[in-house]
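Listing of final.cif, mmCIF, N, CA, C and O atoms
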data_target
loop_
_atom_site.label_atom_id
_atom_site.label_comp_id
_atom_site.auth_asym_id
_atom_site.auth_seq_id
_atom_site.Cartn_x
_atom_site.Cartn_y
_atom_site.Cartn_z
N MET A 1 139.91 22.98 23.45
CA MET A 1 141.34 22.75 23.42
C MET A 1 141.58 21.42 22.73
O MET A 1 140.88 20.44 23.00
N GLU A 2 142.52 21.40 21.84
CA GLU A 2 142.95 20.14 21.23
C GLU A 2 144.45 20.05 21.40
O GLU A 2 145.19 20.96 21.04
N TYR A 3 144.86 18.97 21.99
CA TYR A 3 146.26 18.84 22.39
C TYR A 3 146.71 17.41 22.12
O TYR A 3 146.43 16.51 22.90
N HIS A 4 147.37 17.20 21.01
CA HIS A 4 147.90 15.88 20.68
C HIS A 4 149.41 15.90 20.84
O HIS A 4 150.09 16.64 20.17
N THR A 5 149.91 15.10 21.73
CA THR A 5 151.35 14.97 21.86
C THR A 5 151.66 13.68 22.60
O THR A 5 150.94 13.29 23.50
N LYS A 6 152.72 13.06 22.23
CA LYS A 6 153.11 11.81 22.90
C LYS A 6 153.75 12.08 24.25
O LYS A 6 153.91 11.17 25.05
N ASP A 7 154.09 13.32 24.52
CA ASP A 7 154.82 13.66 25.74
C ASP A 7 153.96 14.14 26.90
O ASP A 7 154.49 14.45 27.95
N ILE A 8 152.65 14.20 26.74
CA ILE A 8 151.80 14.74 27.80
C ILE A 8 151.66 13.74 28.95
O ILE A 8 151.61 12.53 28.73
N THR A 9 151.61 14.26 30.15
CA THR A 9 151.40 13.43 31.34
C THR A 9 150.01 13.69 31.89
O THR A 9 149.37 14.69 31.54
N ARG A 10 149.55 12.82 32.77
CA ARG A 10 148.24 13.03 33.38
C ARG A 10 148.23 14.35 34.16
O ARG A 10 147.28 15.11 34.09
N GLU A 11 149.30 14.63 34.86
CA GLU A 11 149.38 15.86 35.63
C GLU A 11 149.29 17.10 34.73
O GLU A 11 148.61 18.06 35.06
N ARG A 12 149.97 17.06 33.60
CA ARG A 12 149.93 18.19 32.66
C ARG A 12 148.53 18.33 32.07
O ARG A 12 148.01 19.44 31.93
N LEU A 13 147.91 17.22 31.74
CA LEU A 13 146.55 17.26 31.19
C LEU A 13 145.58 17.84 32.21
O LEU A 13 144.73 18.67 31.86
N GLU A 14 145.68 17.43 33.46
CA GLU A 14 144.81 17.97 34.50
C GLU A 14 144.99 19.49 34.62
O GLU A 14 144.00 20.22 34.73
N LEU A 15 146.23 19.95 34.58
CA LEU A 15 146.49 21.38 34.66
C LEU A 15 145.89 22.12 33.47
O LEU A 15 145.28 23.18 33.62
N LEU A 16 146.02 21.55 32.27
CA LEU A 16 145.44 22.17 31.08
C LEU A 16 143.92 22.30 31.20
O LEU A 16 143.35 23.33 30.85
N VAL A 17 143.27 21.25 31.70
CA VAL A 17 141.81 21.27 31.84
C VAL A 17 141.40 22.35 32.85
O VAL A 17 140.47 23.13 32.59
N VAL A 18 142.09 22.42 33.97
CA VAL A 18 141.76 23.43 34.99
C VAL A 18 142.00 24.83 34.42
O VAL A 18 141.17 25.73 34.62
N GLU A 19 143.09 25.03 33.70
CA GLU A 19 143.35 26.34 33.09
C GLU A 19 142.28 26.68 32.06
O GLU A 19 141.87 27.84 31.93
N LEU A 20 141.80 25.69 31.33
CA LEU A 20 140.75 25.90 30.33
C LEU A 20 139.47 26.39 30.98
O LEU A 20 138.92 27.42 30.60
N VAL A 21 138.98 25.68 31.99
CA VAL A 21 137.71 26.06 32.61
C VAL A 21 137.83 27.33 33.44
O VAL A 21 136.84 27.98 33.72
N ASP A 22 139.06 27.69 33.79
CA ASP A 22 139.31 28.90 34.56
C ASP A 22 139.60 30.11 33.66
O ASP A 22 139.77 31.23 34.14
N GLY A 23 139.66 29.87 32.33
CA GLY A 23 139.89 30.96 31.39
C GLY A 23 141.34 31.41 31.28
O GLY A 23 141.62 32.48 30.76
N ARG A 24 142.27 30.60 31.74
CA ARG A 24 143.68 30.99 31.72
C ARG A 24 144.49 30.29 30.63
O ARG A 24 145.69 30.47 30.54
N LEU A 25 143.84 29.51 29.80
CA LEU A 25 144.54 28.78 28.74
C LEU A 25 144.76 29.71 27.55
O LEU A 25 143.85 30.39 27.10
N ASP A 26 145.97 29.72 27.03
CA ASP A 26 146.32 30.62 25.93
C ASP A 26 146.53 29.83 24.64
O ASP A 26 147.33 28.90 24.60
N HIS A 27 145.81 30.22 23.59
CA HIS A 27 145.88 29.56 22.30
C HIS A 27 147.32 29.47 21.78
O HIS A 27 147.78 28.40 21.36
N ARG A 28 148.05 30.56 21.82
CA ARG A 28 149.43 30.57 21.30
C ARG A 28 150.35 29.64 22.09
O ARG A 28 151.21 28.99 21.52
N ARG A 29 150.15 29.58 23.39
CA ARG A 29 150.97 28.69 24.21
C ARG A 29 150.71 27.22 23.86
O ARG A 29 151.63 26.42 23.76
N ILE A 30 149.44 26.89 23.67
CA ILE A 30 149.10 25.51 23.29
C ILE A 30 149.74 25.16 21.96
O ILE A 30 150.31 24.08 21.80
N LEU A 31 149.68 26.06 20.99
CA LEU A 31 150.33 25.82 19.71
C LEU A 31 151.83 25.63 19.88
O LEU A 31 152.43 24.72 19.29
N ALA A 32 152.45 26.46 20.68
CA ALA A 32 153.90 26.39 20.91
C ALA A 32 154.30 25.08 21.58
O ALA A 32 155.42 24.59 21.38
N GLU A 33 153.40 24.49 22.36
CA GLU A 33 153.69 23.24 23.05
C GLU A 33 153.42 22.01 22.18
O GLU A 33 153.60 20.88 22.63
N GLY A 34 152.95 22.22 20.96
CA GLY A 34 152.67 21.10 20.07
C GLY A 34 151.21 20.72 20.00
O GLY A 34 150.84 19.76 19.32
N GLY A 35 150.36 21.47 20.69
CA GLY A 35 148.92 21.22 20.61
C GLY A 35 148.34 21.88 19.37
O GLY A 35 149.05 22.50 18.58
N HIS A 36 147.04 21.76 19.20
CA HIS A 36 146.37 22.31 18.03
C HIS A 36 145.63 23.61 18.34
O HIS A 36 144.99 24.16 17.46
N GLY A 37 145.69 24.07 19.57
CA GLY A 37 145.09 25.35 19.90
C GLY A 37 144.01 25.25 20.95
O GLY A 37 143.65 24.17 21.41
N ALA A 38 143.50 26.42 21.33
CA ALA A 38 142.47 26.50 22.35
C ALA A 38 141.55 27.68 22.06
O ALA A 38 141.99 28.69 21.52
N TYR A 39 140.31 27.52 22.41
CA TYR A 39 139.32 28.59 22.27
C TYR A 39 138.46 28.58 23.51
O TYR A 39 137.95 27.53 23.92
N ILE A 40 138.33 29.72 24.13
CA ILE A 40 137.50 29.83 25.33
C ILE A 40 136.34 30.76 25.02
O ILE A 40 136.54 31.94 24.76
N ARG A 41 135.14 30.21 25.02
CA ARG A 41 133.94 31.01 24.77
C ARG A 41 133.39 31.56 26.07
O ARG A 41 132.97 32.71 26.16
N LYS A 42 133.38 30.72 27.10
CA LYS A 42 132.82 31.11 28.39
C LYS A 42 133.54 30.31 29.47
O LYS A 42 133.73 29.11 29.33
N THR A 43 133.93 30.98 30.53
CA THR A 43 134.58 30.26 31.61
C THR A 43 133.55 29.84 32.65
O THR A 43 132.55 30.53 32.88
N VAL A 44 133.79 28.69 33.26
CA VAL A 44 132.86 28.19 34.27
C VAL A 44 133.54 28.00 35.62
O VAL A 44 132.87 27.87 36.62
N GLY A 45 134.86 27.95 35.63
CA GLY A 45 135.60 27.74 36.87
C GLY A 45 135.73 26.27 37.20
O GLY A 45 134.83 25.48 36.89
N PRO A 46 136.85 25.88 37.81
CA PRO A 46 137.10 24.46 38.13
C PRO A 46 136.03 23.83 39.03
O PRO A 46 135.77 22.65 38.94
N GLU A 47 135.41 24.64 39.88
CA GLU A 47 134.39 24.08 40.78
C GLU A 47 133.16 23.60 40.03
O GLU A 47 132.36 22.82 40.55
N ALA A 48 132.98 24.01 38.78
CA ALA A 48 131.83 23.61 37.97
C ALA A 48 132.05 22.26 37.27
O ALA A 48 131.11 21.73 36.69
N LEU A 49 133.25 21.73 37.33
CA LEU A 49 133.52 20.45 36.67
C LEU A 49 132.77 19.33 37.37
O LEU A 49 133.06 19.00 38.52
N LYS A 50 131.82 18.75 36.69
CA LYS A 50 131.06 17.63 37.25
C LYS A 50 131.49 16.32 36.60
O LYS A 50 131.62 15.31 37.26
N THR A 51 131.67 16.34 35.28
CA THR A 51 132.06 15.15 34.54
C THR A 51 132.88 15.56 33.33
O THR A 51 132.50 16.47 32.60
N ILE A 52 133.99 14.88 33.13
CA ILE A 52 134.81 15.05 31.93
C ILE A 52 134.83 13.70 31.23
O ILE A 52 135.15 12.68 31.85
N ILE A 53 134.48 13.69 29.96
CA ILE A 53 134.43 12.44 29.21
C ILE A 53 135.76 12.28 28.48
O ILE A 53 136.11 13.10 27.64
N ALA A 54 136.48 11.22 28.80
CA ALA A 54 137.77 10.94 28.19
C ALA A 54 137.58 10.01 26.99
O ALA A 54 136.95 8.97 27.11
N THR A 55 138.13 10.42 25.85
CA THR A 55 138.03 9.62 24.64
C THR A 55 139.40 9.58 23.97
O THR A 55 140.32 10.27 24.36
N GLY A 56 139.50 8.80 22.93
CA GLY A 56 140.72 8.75 22.16
C GLY A 56 141.59 7.56 22.54
O GLY A 56 141.39 6.92 23.56
N PRO A 57 142.57 7.30 21.71
CA PRO A 57 143.40 6.12 21.91
C PRO A 57 144.30 6.20 23.15
O PRO A 57 144.78 5.18 23.61
N LYS A 58 144.49 7.38 23.70
CA LYS A 58 145.33 7.52 24.90
C LYS A 58 144.51 7.84 26.15
O LYS A 58 145.01 8.39 27.11
N ARG A 59 143.23 7.46 26.16
CA ARG A 59 142.37 7.80 27.28
C ARG A 59 142.82 7.16 28.58
O ARG A 59 142.48 7.63 29.65
N ARG A 60 143.62 6.13 28.52
CA ARG A 60 144.13 5.50 29.75
C ARG A 60 145.00 6.47 30.54
O ARG A 60 145.24 6.26 31.72
N LEU A 61 145.43 7.53 29.89
CA LEU A 61 146.24 8.55 30.55
C LEU A 61 145.54 9.13 31.77
O LEU A 61 146.19 9.53 32.72
N VAL A 62 144.22 9.15 31.78
CA VAL A 62 143.49 9.78 32.87
C VAL A 62 143.13 8.83 34.01
O VAL A 62 142.53 9.24 34.99
N VAL A 63 143.51 7.57 33.90
CA VAL A 63 143.26 6.63 35.00
C VAL A 63 143.94 7.18 36.25
O VAL A 63 145.11 7.53 36.24
N GLY A 64 143.19 7.29 37.32
CA GLY A 64 143.71 7.81 38.57
C GLY A 64 143.68 9.33 38.68
O GLY A 64 144.21 9.90 39.63
N SER A 65 143.05 9.99 37.73
CA SER A 65 142.98 11.45 37.74
C SER A 65 142.22 11.96 38.95
O SER A 65 141.28 11.32 39.42
N ARG A 66 142.60 13.13 39.43
CA ARG A 66 141.89 13.77 40.53
C ARG A 66 140.64 14.49 40.01
O ARG A 66 139.80 14.92 40.79
N LEU A 67 140.52 14.61 38.70
CA LEU A 67 139.36 15.25 38.08
C LEU A 67 138.27 14.20 37.84
O LEU A 67 138.57 13.01 37.72
N PRO A 68 137.00 14.62 37.72
CA PRO A 68 135.88 13.67 37.56
C PRO A 68 135.80 13.09 36.14
O PRO A 68 134.97 13.49 35.33
N MET A 69 136.67 12.15 35.84
CA MET A 69 136.77 11.56 34.50
C MET A 69 135.91 10.31 34.38
O MET A 69 135.86 9.49 35.29
N ILE A 70 135.25 10.18 33.22
CA ILE A 70 134.62 8.92 32.84
C ILE A 70 135.03 8.65 31.40
O ILE A 70 135.44 9.55 30.67
N TRP A 71 134.92 7.42 30.98
CA TRP A 71 135.29 7.06 29.61
C TRP A 71 134.06 7.09 28.73
O TRP A 71 133.00 6.58 29.10
N GLY A 72 134.20 7.70 27.56
CA GLY A 72 133.11 7.75 26.60
C GLY A 72 133.41 6.82 25.45
O GLY A 72 134.51 6.86 24.90
N ALA A 73 132.47 5.97 25.09
CA ALA A 73 132.68 5.05 23.98
C ALA A 73 131.34 4.63 23.40
O ALA A 73 130.81 3.57 23.73
N PRO A 74 130.77 5.47 22.52
CA PRO A 74 129.49 5.10 21.91
C PRO A 74 129.57 3.75 21.20
O PRO A 74 130.50 3.50 20.44
N LEU A 75 128.61 2.92 21.48
CA LEU A 75 128.51 1.60 20.86
C LEU A 75 129.77 0.77 21.07
O LEU A 75 130.10 -0.09 20.28
N GLY A 76 130.54 1.10 22.13
CA GLY A 76 131.75 0.36 22.42
C GLY A 76 132.96 0.75 21.59
O GLY A 76 134.03 0.20 21.73
N ASP A 77 132.81 1.75 20.71
CA ASP A 77 133.90 2.17 19.84
C ASP A 77 134.37 3.56 20.25
O ASP A 77 133.74 4.57 19.94
N ASN A 78 135.48 3.60 20.93
CA ASN A 78 136.05 4.83 21.45
C ASN A 78 136.27 5.90 20.37
O ASN A 78 136.09 7.08 20.60
N MET A 79 136.62 5.50 19.17
CA MET A 79 136.94 6.46 18.12
C MET A 79 135.69 7.06 17.46
O MET A 79 135.79 7.94 16.62
N MET A 80 134.50 6.60 17.84
CA MET A 80 133.25 7.13 17.29
C MET A 80 132.68 8.28 18.11
O MET A 80 131.69 8.89 17.73
N THR A 81 133.30 8.61 19.23
CA THR A 81 132.75 9.61 20.14
C THR A 81 132.48 10.93 19.45
O THR A 81 131.40 11.50 19.57
N GLY A 82 133.46 11.44 18.71
CA GLY A 82 133.28 12.73 18.03
C GLY A 82 132.17 12.69 17.00
O GLY A 82 131.32 13.58 16.95
N CYS A 83 132.15 11.64 16.20
CA CYS A 83 131.11 11.51 15.16
C CYS A 83 129.72 11.43 15.77
O CYS A 83 128.80 12.13 15.33
N VAL A 84 129.56 10.57 16.75
CA VAL A 84 128.26 10.40 17.39
C VAL A 84 127.85 11.69 18.09
O VAL A 84 126.69 12.10 18.06
N GLY A 85 128.81 12.36 18.72
CA GLY A 85 128.52 13.62 19.41
C GLY A 85 128.03 14.70 18.45
O GLY A 85 127.10 15.45 18.76
N LEU A 86 128.63 14.78 17.28
CA LEU A 86 128.20 15.77 16.28
C LEU A 86 126.79 15.46 15.79
O LEU A 86 125.96 16.36 15.66
N ILE A 87 126.51 14.21 15.55
CA ILE A 87 125.16 13.82 15.10
C ILE A 87 124.14 14.12 16.20
O ILE A 87 123.06 14.65 15.92
N GLU A 88 124.49 13.83 17.45
CA GLU A 88 123.56 14.09 18.56
C GLU A 88 123.33 15.59 18.74
O GLU A 88 122.20 16.03 18.97
N ALA A 89 124.38 16.38 18.61
CA ALA A 89 124.22 17.84 18.72
C ALA A 89 123.30 18.37 17.63
O ALA A 89 122.42 19.20 17.89
N LEU A 90 123.46 17.89 16.42
CA LEU A 90 122.60 18.30 15.30
C LEU A 90 121.16 17.85 15.55
O LEU A 90 120.21 18.61 15.35
N ARG A 91 121.00 16.62 16.03
CA ARG A 91 119.66 16.10 16.32
C ARG A 91 118.95 16.99 17.34
O ARG A 91 117.79 17.36 17.16
N ARG A 92 119.66 17.36 18.40
CA ARG A 92 119.05 18.20 19.43
C ARG A 92 118.73 19.59 18.91
O ARG A 92 117.69 20.15 19.22
N ARG A 93 119.64 20.17 18.14
CA ARG A 93 119.42 21.52 17.61
C ARG A 93 118.21 21.56 16.68
O ARG A 93 117.45 22.52 16.68
N LYS A 94 118.04 20.51 15.89
CA LYS A 94 116.93 20.46 14.93
C LYS A 94 115.65 19.89 15.54
O LYS A 94 114.62 19.84 14.88
N GLY A 95 115.70 19.46 16.81
CA GLY A 95 114.51 18.92 17.47
C GLY A 95 114.07 17.59 16.89
O GLY A 95 112.88 17.27 16.92
N LEU A 96 115.00 16.77 16.42
CA LEU A 96 114.66 15.48 15.83
C LEU A 96 114.51 14.42 16.91
O LEU A 96 114.98 14.57 18.03
N ASP A 97 113.86 13.31 16.55
CA ASP A 97 113.67 12.21 17.47
C ASP A 97 115.02 11.62 17.88
O ASP A 97 115.99 11.68 17.09
N PRO A 98 115.10 11.02 19.07
CA PRO A 98 116.35 10.39 19.50
C PRO A 98 116.80 9.29 18.54
O PRO A 98 115.98 8.63 17.90
N ILE A 99 118.08 9.11 18.47
CA ILE A 99 118.66 8.03 17.67
C ILE A 99 118.51 6.76 18.48
O ILE A 99 118.87 6.71 19.65
N LEU A 100 117.98 5.72 17.87
CA LEU A 100 117.80 4.44 18.56
C LEU A 100 118.95 3.51 18.18
O LEU A 100 119.23 3.30 17.01
N TYR A 101 119.63 3.00 19.19
CA TYR A 101 120.71 2.05 18.98
C TYR A 101 120.17 0.64 19.22
O TYR A 101 119.59 0.37 20.25
N VAL A 102 120.34 -0.23 18.25
CA VAL A 102 119.85 -1.59 18.40
C VAL A 102 120.99 -2.58 18.30
O VAL A 102 122.02 -2.33 17.82
#
Written as structure tokens, how would this file's structure read?
Amino acid sequence: MEYHTKDITRERLELLVVELVDGRLDHRRILAEGGHGAYIRKTVGPEALKTIIATGPKRRLVVGSRLPMIWGAPLGDNMMTGCVGLIEALRRRKGLDPILYV
């Protein structure tokens, strides 16, 4: 799910996450609300949520969330999360050595 909007609240975000993991999130509805869409490959159910990594310039939105949120910021740079995550996913898929941060 990708949902960029200045009008989202923490409560709305929590509901979207629960609907996503429960398989009830609808791609067309997300688009209609100003988001960029949603894709559900496999549902796990809300009880499976162990950790949600919050990133992006509005990550403070999740402060006080009832969901298990932590902040992700590779090398201290919040905006690098996606890039570093893609590189790490590729590294794991190809069986390459870990990336060393110095």
> On this structure, which residues satisfy the PyMOL selection byres (((chain A and resi 67 and name CA) around 12) and name CA), written as a list of chain:residue names?
Replying inline: A:Arg10, A:Glu11, A:Leu13, A:Glu14, A:Leu15, A:Leu16, A:Val17, A:Val18, A:Pro46, A:Glu47, A:Ala48, A:Leu49, A:Lys50, A:Thr51, A:Ile52, A:Ile53, A:Ala54, A:Val62, A:Val63, A:Gly64, A:Ser65, A:Arg66, A:Pro68, A:Met69, A:Ile70
> Near A:Tyr3, within 7 Å and counting only N, CA, C and O atoms, which residues show up once chain neighbours fewer than 5 positions away are dropped, as an MDAnalysis selection string?
Replying inline: chainID A and resid 30 34:37
> Separation of atom O of A:Glu33 and atom N of A:His4, in Å?
Replying inline: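 Taking atom O of A:Glu33 and atom N of A:His4, their separation equals 7.4 Å.
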> Rounded to one decimal in Å, what is the spacing between atom CA of A:Leu90 and atom CA of A:Leu20?
Replying inline: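 Computed distance, atom CA of A:Leu90 to atom CA of A:Leu20, equals 24.8 Å.
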>> As an exercise, work out the distance from atom CA of A:Ala38 to atom CA of A:Ile8 in Å and give it to one decimal place.
In response: 16.0 Å
> Among stretch 23-87 of chain A, which ones does DSSP place in helix (DSSP H, G or I), written as a list of chain:residue names?
Replying inline: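 Helix (DSSP H, G or I) assignments inside stretch 23-87 of chain A correspond to A:His27, A:Arg28, A:Arg29, A:Ile30, A:Leu31, A:Ala32, A:Pro46, A:Glu47, A:Ala48, A:Arg59, A:Arg60, A:Leu61, A:Val62, A:Pro74, A:Leu75, A:Gly76, A:Asn78, A:Met79, A:Met80, A:Thr81, A:Gly82, A:Cys83, A:Val84, A:Gly85, A:Leu86, A:Ile87.
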> For this file, the PyMOL selection byres (((chain A and resi 78 and name CA) around 12) and name CA) selects which residues, as a PyMOL selection string?
Replying inline: chain A and resi 53-60+71-77+79-85
> Tell me, which residues of chain A carry DSSP strand (DSSP E or B), written as a list in words?
Replying inline: Glu2, Gly37, Ile52, Ile53, Ala54, Met69, Ile70 and Trp71 of chain A
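The shortest atom-to-atom distance to A:Gly23, with only N, CA, C and O atoms taken into account, belongs to A:Gly45 out of A:Arg91, A:Glu2, A:Gly45, A:Leu96.
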Only N, CA, C and O atoms needed: put stretch 42-65 of chain A from the block into a file as a PDB file, in the first residue's frame.
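Below you can see selection.pdb, which holds the result:
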ATOM      1  N   LYS A  42      -0.623 -11.834  -0.028  1.00  0.00           N
ATOM      2  CA  LYS A  42      -0.955 -12.858   0.956  1.00  0.00           C
ATOM      3  C   LYS A  42      -1.377 -12.153   2.237  1.00  0.00           C
ATOM      4  O   LYS A  42      -0.732 -11.205   2.669  1.00  0.00           O
ATOM      5  N   THR A  43      -2.447 -12.617   2.834  1.00  0.00           N
ATOM      6  CA  THR A  43      -2.876 -12.007   4.087  1.00  0.00           C
ATOM      7  C   THR A  43      -2.285 -12.775   5.261  1.00  0.00           C
ATOM      8  O   THR A  43      -2.090 -13.992   5.194  1.00  0.00           O
ATOM      9  N   VAL A  44      -1.982 -12.050   6.321  1.00  0.00           N
ATOM     10  CA  VAL A  44      -1.405 -12.679   7.505  1.00  0.00           C
ATOM     11  C   VAL A  44      -2.265 -12.470   8.743  1.00  0.00           C
ATOM     12  O   VAL A  44      -2.091 -13.156   9.729  1.00  0.00           O
ATOM     13  N   GLY A  45      -3.169 -11.513   8.695  1.00  0.00           N
ATOM     14  CA  GLY A  45      -4.019 -11.214   9.836  1.00  0.00           C
ATOM     15  C   GLY A  45      -3.341 -10.277  10.808  1.00  0.00           C
ATOM     16  O   GLY A  45      -2.120 -10.313  10.964  1.00  0.00           O
ATOM     17  N   PRO A  46      -4.117  -9.408  11.469  1.00  0.00           N
ATOM     18  CA  PRO A  46      -3.552  -8.417  12.399  1.00  0.00           C
ATOM     19  C   PRO A  46      -2.760  -9.035  13.549  1.00  0.00           C
ATOM     20  O   PRO A  46      -1.819  -8.434  14.042  1.00  0.00           O
ATOM     21  N   GLU A  47      -3.130 -10.245  13.960  1.00  0.00           N
ATOM     22  CA  GLU A  47      -2.413 -10.868  15.078  1.00  0.00           C
ATOM     23  C   GLU A  47      -0.971 -11.217  14.713  1.00  0.00           C
ATOM     24  O   GLU A  47      -0.140 -11.437  15.593  1.00  0.00           O
ATOM     25  N   ALA A  48      -0.635 -11.242  13.434  1.00  0.00           N
ATOM     26  CA  ALA A  48       0.717 -11.562  12.982  1.00  0.00           C
ATOM     27  C   ALA A  48       1.647 -10.339  12.985  1.00  0.00           C
ATOM     28  O   ALA A  48       2.844 -10.494  12.784  1.00  0.00           O
ATOM     29  N   LEU A  49       1.100  -9.160  13.213  1.00  0.00           N
ATOM     30  CA  LEU A  49       1.939  -7.960  13.214  1.00  0.00           C
ATOM     31  C   LEU A  49       2.881  -7.973  14.411  1.00  0.00           C
ATOM     32  O   LEU A  49       2.446  -7.899  15.555  1.00  0.00           O
ATOM     33  N   LYS A  50       4.156  -8.085  14.139  1.00  0.00           N
ATOM     34  CA  LYS A  50       5.159  -8.069  15.201  1.00  0.00           C
ATOM     35  C   LYS A  50       5.891  -6.731  15.220  1.00  0.00           C
ATOM     36  O   LYS A  50       6.169  -6.185  16.278  1.00  0.00           O
ATOM     37  N   THR A  51       6.247  -6.230  14.043  1.00  0.00           N
ATOM     38  CA  THR A  51       6.972  -4.973  13.929  1.00  0.00           C
ATOM     39  C   THR A  51       6.599  -4.298  12.621  1.00  0.00           C
ATOM     40  O   THR A  51       6.582  -4.941  11.573  1.00  0.00           O
ATOM     41  N   ILE A  52       6.309  -3.017  12.691  1.00  0.00           N
ATOM     42  CA  ILE A  52       6.074  -2.193  11.511  1.00  0.00           C
ATOM     43  C   ILE A  52       7.142  -1.116  11.528  1.00  0.00           C
ATOM     44  O   ILE A  52       7.307  -0.411  12.533  1.00  0.00           O
ATOM     45  N   ILE A  53       7.869  -0.986  10.436  1.00  0.00           N
ATOM     46  CA  ILE A  53       8.939   0.004  10.367  1.00  0.00           C
ATOM     47  C   ILE A  53       8.381   1.263   9.713  1.00  0.00           C
ATOM     48  O   ILE A  53       7.944   1.237   8.568  1.00  0.00           O
ATOM     49  N   ALA A  54       8.395   2.359  10.453  1.00  0.00           N
ATOM     50  CA  ALA A  54       7.885   3.637   9.963  1.00  0.00           C
ATOM     51  C   ALA A  54       9.029   4.446   9.361  1.00  0.00           C
ATOM     52  O   ALA A  54      10.065   4.636   9.993  1.00  0.00           O
ATOM     53  N   THR A  55       8.823   4.903   8.133  1.00  0.00           N
ATOM     54  CA  THR A  55       9.833   5.704   7.453  1.00  0.00           C
ATOM     55  C   THR A  55       9.146   6.900   6.795  1.00  0.00           C
ATOM     56  O   THR A  55       7.938   6.999   6.760  1.00  0.00           O
ATOM     57  N   GLY A  56       9.936   7.769   6.238  1.00  0.00           N
ATOM     58  CA  GLY A  56       9.398   8.904   5.510  1.00  0.00           C
ATOM     59  C   GLY A  56       9.364  10.170   6.348  1.00  0.00           C
ATOM     60  O   GLY A  56       9.518  10.140   7.565  1.00  0.00           O
ATOM     61  N   PRO A  57       9.149  11.276   5.680  1.00  0.00           N
ATOM     62  CA  PRO A  57       9.203  12.562   6.367  1.00  0.00           C
ATOM     63  C   PRO A  57       8.067  12.784   7.364  1.00  0.00           C
ATOM     64  O   PRO A  57       8.171  13.641   8.222  1.00  0.00           O
ATOM     65  N   LYS A  58       7.009  11.996   7.281  1.00  0.00           N
ATOM     66  CA  LYS A  58       5.890  12.155   8.216  1.00  0.00           C
ATOM     67  C   LYS A  58       5.806  11.002   9.220  1.00  0.00           C
ATOM     68  O   LYS A  58       4.757  10.726   9.774  1.00  0.00           O
ATOM     69  N   ARG A  59       6.925  10.339   9.482  1.00  0.00           N
ATOM     70  CA  ARG A  59       6.907   9.179  10.367  1.00  0.00           C
ATOM     71  C   ARG A  59       6.495   9.527  11.787  1.00  0.00           C
ATOM     72  O   ARG A  59       6.047   8.676  12.524  1.00  0.00           O
ATOM     73  N   ARG A  60       6.585  10.774  12.164  1.00  0.00           N
ATOM     74  CA  ARG A  60       6.143  11.175  13.506  1.00  0.00           C
ATOM     75  C   ARG A  60       4.651  10.940  13.693  1.00  0.00           C
ATOM     76  O   ARG A  60       4.171  10.896  14.819  1.00  0.00           O
ATOM     77  N   LEU A  61       3.949  10.759  12.603  1.00  0.00           N
ATOM     78  CA  LEU A  61       2.519  10.489  12.650  1.00  0.00           C
ATOM     79  C   LEU A  61       2.199   9.261  13.502  1.00  0.00           C
ATOM     80  O   LEU A  61       1.145   9.186  14.106  1.00  0.00           O
ATOM     81  N   VAL A  62       3.116   8.309  13.575  1.00  0.00           N
ATOM     82  CA  VAL A  62       2.834   7.062  14.288  1.00  0.00           C
ATOM     83  C   VAL A  62       3.234   7.084  15.759  1.00  0.00           C
ATOM     84  O   VAL A  62       3.044   6.106  16.463  1.00  0.00           O
ATOM     85  N   VAL A  63       3.770   8.191  16.230  1.00  0.00           N
ATOM     86  CA  VAL A  63       4.109   8.296  17.652  1.00  0.00           C
ATOM     87  C   VAL A  63       2.834   8.064  18.458  1.00  0.00           C
ATOM     88  O   VAL A  63       1.802   8.672  18.210  1.00  0.00           O
ATOM     89  N   GLY A  64       2.894   7.141  19.386  1.00  0.00           N
ATOM     90  CA  GLY A  64       1.745   6.813  20.214  1.00  0.00           C
ATOM     91  C   GLY A  64       0.805   5.790  19.596  1.00  0.00           C
ATOM     92  O   GLY A  64      -0.265   5.518  20.135  1.00  0.00           O
ATOM     93  N   SER A  65       1.203   5.192  18.489  1.00  0.00           N
ATOM     94  CA  SER A  65       0.360   4.207  17.819  1.00  0.00           C
ATOM     95  C   SER A  65       0.135   2.986  18.690  1.00  0.00           C
ATOM     96  O   SER A  65       1.004   2.586  19.463  1.00  0.00           O
TER      97      SER A  65
END
